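Quick notes on the structure that follows.
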Amino acid sequence: MRQVVLLGPRQIAVQEVDLPEPEPGEALIRVELCALCTWEQRTYTGEETFVPLLGGHEVTGRVEVINGSTYLDLHPGDRVAISLLNRCGQCQACRRGYDNICEHGFDLPLRYGIPGPAGLSEYLIAKVTDLFPMPPDVPPEHVALTEPLACVLRSIKRARIHPGEKVVIIGMGVMGVLHLQLALARGGVVIVSEPNPDRRAAALAMGATAAIDPSREAYGERILALTDGWGADVTFICVPHAAVVGPAVEAAAKNGRVLMYSSIHPRGTKVELDPNIFHNKEVVLTGTMSQSRRDFFEAAQLIAHGLV
Ligand SMILES: [Zn+2]
Ligand SMILES: [Zn+2]
């Protein structure tokens, strides 16, 4: 079978390898589709240095062979979403229920000689416990978004949005759009901040109440004007720029929650904040990393039932 390997910045090769064989408790999956994460994009451009890498972890697949029995109603030919990032199950984080921040999450599987989840292959091996069956009528493009949706779902849950709260989403890329859909489903009144006019228009069409152009408008003033002077109850940062963090914290409401969904690049960048904001307004600044098994299961339910 053929398999894509990332060799270095902007260097990709297609290699021919033997069809892998599933061990007991594993399945051979034929890859239908694989979406690309910012992690793989940054590795491609050289911002991150996980090379050589068998990238691709946002996969829609069909079961070819299951080695052994399964409790799932799962048969050859069935379509599945696949959780492909490492969750060791043994470290403190996993055992405390935070498998999204598994201490070995970046110990990439070495099954093919080169590390990586290997979604950019014609076939791959996955543990049966990592397969999430999908109804046959769900488009494969939707199934491939299960993993990123699970990450967004974690972010949404951590923000604990109450109905009618003012929710600001900074950045309307794919992750921002998924935040928008889930924030609306939670009853949030959503304001987006996005310099691209087409993306602002799309956000308004999807149900956002207002859209700010941060390249031309004063972010903090606009947030206050749009929230009757109250500020943002919840702010999701869905861009990798450190410069947005300070204004987001300053525009937070009393009891506001500011979530770092995106990682900040370049890594190591510092931000300056007035600590009295946290004292005076009880603002919480936090973030989320990846997704847990439960987040993945719940995202798979949303995709399977066409709710996102
Ligand atoms: Zn991803
Ligand atoms: Zn672990």
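Chain labels run A, B, ... following the order of the structure tokens; each chain numbers its residues from 1, and ligands are numbered from 1 in the order shown.
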DSSP strand (DSSP E) selection over stretch 13-258 of chain A, as a ChimeraX atom specification: /A:13-16,26-35,58-66,79-82,123-127,131-133,166-170,189-193,210-212,232-237,252-258
If you count only C-alpha atoms, which residues fall within 10 Å of A:Gly97, apart from same-chain ones fewer than 4 positions away, as an MDAnalysis selection string? chainID A and resid 89 92:93 101:102 292:294
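Residues surrounding A:Asn255 within 7 Å are Asp233, Lys281, Glu282 and Val283 of chain A [only C-alpha atoms; sequence separation below 3 positions excluded].
The nearest approach to ligand 2 among the residues A:Gly77, A:Gly171, A:Gly56, A:Gly105, with only C-alpha atoms and all ligand atoms taken into account, belongs to A:Gly105.
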Using only C-alpha atoms, what table do you get, as a Markdown table, when you list each residue of stretch 236-302 of chain A with an atom no more than 10 Å from stretch 191-199 of chain A, its nearest pair of atoms, and their distance in Å rounded to one decimal, rows by chain then rising number?
```
| residue | atom | partner | partner_atom | distance |
| --- | --- | --- | --- | --- |
| A:Phe236 | CA | A:Val192 | CA | 9.6 |
| A:Ile237 | CA | A:Ser193 | CA | 9.8 |
| A:Val239 | CA | A:Glu194 | CA | 9.7 |
```
Would you mind writing down, as a ChimeraX atom specification, each residue of stretch 3-231 of chain A that DSSP on the backbone assigns to helix (DSSP H, G or I)? /A:38-45,92-95,99-101,128-130,140-143,146-159,174-185,197-206,219-226
Could you pull out the residues sitting within 8 Å of ligand 1, using only C-alpha atoms and all ligand atoms, and write them as a PyMOL selection string? chain A and resi 36-39+57-58+147-148+151+290
All residues 10 Å or closer to stretch 2-16 of chain A, only C-alpha atoms, same chain fewer than 4 positions away omitted, as an NGL selection string: :A and (40-56 or 112 or 114-116 or 118-124)
Expected file: the selected residues, C-alpha atoms, as a short mmCIF file (atom, residue, chain, number, x, y, z; two decimals), in the first residue's frame:
```
data_model
loop_
_atom_site.label_atom_id
_atom_site.label_comp_id
_atom_site.auth_asym_id
_atom_site.auth_seq_id
_atom_site.Cartn_x
_atom_site.Cartn_y
_atom_site.Cartn_z
CA GLU A 40 0.50 18.66 10.61
CA GLN A 41 0.42 21.98 8.75
CA ARG A 42 2.99 23.47 11.15
CA THR A 43 5.16 20.38 10.83
CA TYR A 44 4.98 20.75 7.05
CA THR A 45 6.04 24.41 7.14
CA GLY A 46 8.82 23.70 9.66
CA GLU A 47 7.28 25.59 12.63
CA GLU A 48 7.11 22.26 14.47
CA THR A 49 9.83 19.66 14.13
CA PHE A 50 8.25 16.21 14.46
CA VAL A 51 10.04 14.76 11.44
CA PRO A 52 10.10 12.25 9.91
CA LEU A 53 6.36 11.87 10.52
CA LEU A 54 3.52 9.71 9.27
CA GLY A 55 0.91 12.43 9.69
CA GLY A 56 -2.87 12.33 9.57
CA TYR A 112 5.52 1.42 10.39
CA ILE A 114 8.45 6.00 11.26
CA PRO A 115 6.43 7.59 14.10
CA GLY A 116 2.96 8.98 13.58
CA ALA A 118 -0.38 7.39 9.72
CA GLY A 119 -3.79 8.57 8.57
CA LEU A 120 -2.32 9.58 5.22
CA SER A 121 -2.07 5.92 4.20
CA GLU A 122 -4.31 3.67 2.13
CA TYR A 123 -4.77 1.40 5.14
CA LEU A 124 -4.00 1.68 8.83
#
```
Given only C-alpha atoms and all ligand atoms, how would the per-residue table for chain A near ligand 2 read, listing every residue at most 6 Å away with its closest atom pair and distance in Å to one decimal, sorted by chain and number, as JSON lines?
```
{"residue": "A:Arg87", "atom": "CA", "partner": "ligand 2", "partner_atom_place_in_ligand_line": "1 (Zn)", "distance": 5.0}
{"residue": "A:Cys88", "atom": "CA", "partner": "ligand 2", "partner_atom_place_in_ligand_line": "1 (Zn)", "distance": 3.9}
{"residue": "A:Gly89", "atom": "CA", "partner": "ligand 2", "partner_atom_place_in_ligand_line": "1 (Zn)", "distance": 4.7}
{"residue": "A:Gln90", "atom": "CA", "partner": "ligand 2", "partner_atom_place_in_ligand_line": "1 (Zn)", "distance": 5.2}
{"residue": "A:Cys91", "atom": "CA", "partner": "ligand 2", "partner_atom_place_in_ligand_line": "1 (Zn)", "distance": 4.1}
{"residue": "A:Ala93", "atom": "CA", "partner": "ligand 2", "partner_atom_place_in_ligand_line": "1 (Zn)", "distance": 5.7}
{"residue": "A:Cys94", "atom": "CA", "partner": "ligand 2", "partner_atom_place_in_ligand_line": "1 (Zn)", "distance": 4.3}
{"residue": "A:Asp99", "atom": "CA", "partner": "ligand 2", "partner_atom_place_in_ligand_line": "1 (Zn)", "distance": 5.8}
{"residue": "A:Cys102", "atom": "CA", "partner": "ligand 2", "partner_atom_place_in_ligand_line": "1 (Zn)", "distance": 3.7}
{"residue": "A:Glu103", "atom": "CA", "partner": "ligand 2", "partner_atom_place_in_ligand_line": "1 (Zn)", "distance": 5.0}
{"residue": "A:His104", "atom": "CA", "partner": "ligand 2", "partner_atom_place_in_ligand_line": "1 (Zn)", "distance": 5.4}
```
With the cut-off set at 12 Å and counting only C-alpha atoms, tabulate each residue of stretch 170-233 of chain A with an atom at most that distance from an atom of stretch 139-146 of chain A, showing the nearest atom pair and its distance in Å to one decimal, ordered by chain and increasing number, as JSON lines.
```
{"residue": "A:Val174", "atom": "CA", "partner": "A:Leu145", "partner_atom": "CA", "distance": 9.9}
{"residue": "A:Met175", "atom": "CA", "partner": "A:Leu145", "partner_atom": "CA", "distance": 10.2}
{"residue": "A:Leu178", "atom": "CA", "partner": "A:Leu145", "partner_atom": "CA", "distance": 9.7}
```
Using only C-alpha atoms, which residues sit within 9 Å of stretch 61-76 of chain A once same-chain residues fewer than 2 positions away are excluded, as a list in words?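 These residues fall inside the cut-off: Glu21, Pro22, Glu23, Pro24, Gly25, Glu26, Ala27, Leu28, Ile29, Arg30, Val31, Glu32, Leu33, Cys34, Val59, Asp78, Arg79, Val80, Ala81, Ile82, Tyr123, Leu124, Val128, Thr129, Phe132, Pro133, Pro140, Val143 and Ala144 of chain A.
Atom CA of A:Gly306 is found 25.4 Å from atom CA of A:Ile170.
Using only C-alpha atoms for every distance, the candidate list A:Val234, A:Val167, A:Val258, A:Val190 yields A:Val258 as the residue closest to A:Gly246.
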Using only C-alpha atoms, determine which residues lie at most 12 Å from A:Ala232, disregarding the query and same-chain residues fewer than 3 positions distant; provide the list as JSON, numbers by chain. {"A": [159, 161, 164, 165, 166, 167, 168, 169, 170, 188, 189, 190, 191, 192, 219, 220, 221, 222, 223, 224, 225, 226, 227, 228, 229, 235, 236, 247, 248, 249, 250, 251, 252, 253, 254, 255, 256, 257, 258, 259, 281, 283, 284]}
Saved selection, atoms kept: N, CA and C atoms, as a short mmCIF file (atom, residue, chain, number, x, y, z; two decimals), in the first residue's frame:
```
data_model
loop_
_atom_site.label_atom_id
_atom_site.label_comp_id
_atom_site.auth_asym_id
_atom_site.auth_seq_id
_atom_site.Cartn_x
_atom_site.Cartn_y
_atom_site.Cartn_z
N ALA A 159 -16.05 25.90 29.29
CA ALA A 159 -16.49 27.29 29.44
C ALA A 159 -17.80 27.41 30.21
N ILE A 161 -21.08 27.54 29.44
CA ILE A 161 -21.91 28.64 28.94
C ILE A 161 -23.32 28.52 29.51
N GLY A 164 -28.02 32.61 27.20
CA GLY A 164 -28.08 34.07 27.14
C GLY A 164 -26.76 34.76 27.44
N GLU A 165 -25.73 34.01 27.80
CA GLU A 165 -24.44 34.65 28.05
C GLU A 165 -23.83 35.14 26.74
N LYS A 166 -23.02 36.20 26.87
CA LYS A 166 -22.36 36.78 25.70
C LYS A 166 -21.05 36.03 25.46
N VAL A 167 -20.97 35.40 24.31
CA VAL A 167 -19.83 34.55 23.97
C VAL A 167 -19.07 35.17 22.81
N VAL A 168 -17.79 35.43 23.00
CA VAL A 168 -16.98 36.00 21.92
C VAL A 168 -16.05 34.91 21.39
N ILE A 169 -16.01 34.77 20.08
CA ILE A 169 -15.09 33.81 19.46
C ILE A 169 -14.10 34.60 18.62
N ILE A 170 -12.83 34.49 18.97
CA ILE A 170 -11.78 35.21 18.24
C ILE A 170 -11.19 34.26 17.20
N GLY A 188 -25.71 30.43 23.81
CA GLY A 188 -24.88 31.63 23.86
C GLY A 188 -25.31 32.66 22.84
N VAL A 189 -25.13 33.94 23.19
CA VAL A 189 -25.31 35.04 22.23
C VAL A 189 -23.92 35.34 21.70
N VAL A 190 -23.68 35.02 20.42
CA VAL A 190 -22.30 34.94 19.95
C VAL A 190 -21.88 36.18 19.15
N ILE A 191 -20.72 36.71 19.52
CA ILE A 191 -20.06 37.78 18.78
C ILE A 191 -18.75 37.20 18.26
N VAL A 192 -18.43 37.44 16.99
CA VAL A 192 -17.16 36.93 16.49
C VAL A 192 -16.22 38.09 16.19
N TYR A 219 -11.13 46.53 19.68
CA TYR A 219 -11.76 45.30 20.16
C TYR A 219 -12.51 45.51 21.48
N GLY A 220 -11.80 46.05 22.49
CA GLY A 220 -12.41 46.18 23.81
C GLY A 220 -13.64 47.07 23.82
N GLU A 221 -13.53 48.21 23.11
CA GLU A 221 -14.68 49.14 23.05
C GLU A 221 -15.88 48.49 22.39
N ARG A 222 -15.62 47.75 21.33
CA ARG A 222 -16.73 47.11 20.60
C ARG A 222 -17.40 46.04 21.47
N ILE A 223 -16.59 45.28 22.20
CA ILE A 223 -17.18 44.24 23.07
C ILE A 223 -18.07 44.89 24.12
N LEU A 224 -17.59 45.97 24.73
CA LEU A 224 -18.40 46.65 25.75
C LEU A 224 -19.68 47.21 25.13
N ALA A 225 -19.56 47.81 23.94
CA ALA A 225 -20.73 48.39 23.29
C ALA A 225 -21.77 47.32 22.95
N LEU A 226 -21.29 46.14 22.58
CA LEU A 226 -22.20 45.08 22.14
C LEU A 226 -22.79 44.28 23.31
N THR A 227 -22.31 44.57 24.54
CA THR A 227 -22.78 43.78 25.69
C THR A 227 -23.34 44.71 26.78
N ASP A 228 -23.84 45.87 26.40
CA ASP A 228 -24.40 46.84 27.35
C ASP A 228 -23.40 47.19 28.45
N GLY A 229 -22.12 47.24 28.10
CA GLY A 229 -21.10 47.62 29.07
C GLY A 229 -20.68 46.50 30.01
N THR A 235 -14.93 33.94 26.36
CA THR A 235 -14.15 34.27 25.16
C THR A 235 -13.35 33.04 24.76
N PHE A 236 -13.51 32.62 23.52
CA PHE A 236 -12.72 31.50 23.00
C PHE A 236 -11.65 32.06 22.07
N PRO A 247 -6.11 41.83 25.41
CA PRO A 247 -7.41 42.44 25.16
C PRO A 247 -8.59 41.53 25.50
N ALA A 248 -8.44 40.22 25.28
CA ALA A 248 -9.53 39.29 25.60
C ALA A 248 -9.78 39.27 27.11
N VAL A 249 -8.71 39.24 27.89
CA VAL A 249 -8.87 39.23 29.36
C VAL A 249 -9.45 40.56 29.83
N GLU A 250 -8.97 41.67 29.25
CA GLU A 250 -9.46 42.98 29.68
C GLU A 250 -10.93 43.20 29.33
N ALA A 251 -11.40 42.57 28.25
CA ALA A 251 -12.80 42.75 27.84
C ALA A 251 -13.72 41.72 28.48
N ALA A 252 -13.18 40.87 29.37
CA ALA A 252 -14.01 39.84 30.00
C ALA A 252 -14.95 40.48 31.02
N ALA A 253 -16.13 39.90 31.17
CA ALA A 253 -17.10 40.36 32.16
C ALA A 253 -16.69 39.89 33.55
N LYS A 254 -17.39 40.36 34.57
CA LYS A 254 -17.24 39.77 35.90
C LYS A 254 -17.60 38.29 35.80
N ASN A 255 -16.81 37.44 36.44
CA ASN A 255 -16.98 35.99 36.34
C ASN A 255 -16.75 35.48 34.92
N GLY A 256 -16.07 36.27 34.09
CA GLY A 256 -15.83 35.85 32.71
C GLY A 256 -14.83 34.71 32.63
N ARG A 257 -14.98 33.89 31.60
CA ARG A 257 -14.05 32.79 31.34
C ARG A 257 -13.39 33.03 29.99
N VAL A 258 -12.07 33.01 29.98
CA VAL A 258 -11.32 33.18 28.74
C VAL A 258 -10.58 31.87 28.46
N LEU A 259 -10.86 31.26 27.32
CA LEU A 259 -10.29 29.95 27.01
C LEU A 259 -9.29 30.01 25.87
N LYS A 281 -12.48 41.03 39.21
CA LYS A 281 -13.61 40.57 38.39
C LYS A 281 -13.80 39.05 38.42
N VAL A 283 -12.22 36.87 36.98
CA VAL A 283 -12.06 36.31 35.63
C VAL A 283 -11.20 35.05 35.71
N VAL A 284 -11.55 34.06 34.90
CA VAL A 284 -10.76 32.83 34.82
C VAL A 284 -10.13 32.74 33.44
#
```
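With only C-alpha atoms as the atoms that count, the minimum distance from A:Gly287 to the choices A:Ile264, A:Val17, A:Leu302, A:Ile212 is reached by A:Ile264.
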Report the distance between atom CA of A:Arg154 and atom CA of A:Gln181 in Å, rounded to one decimal place. 13.7 Å
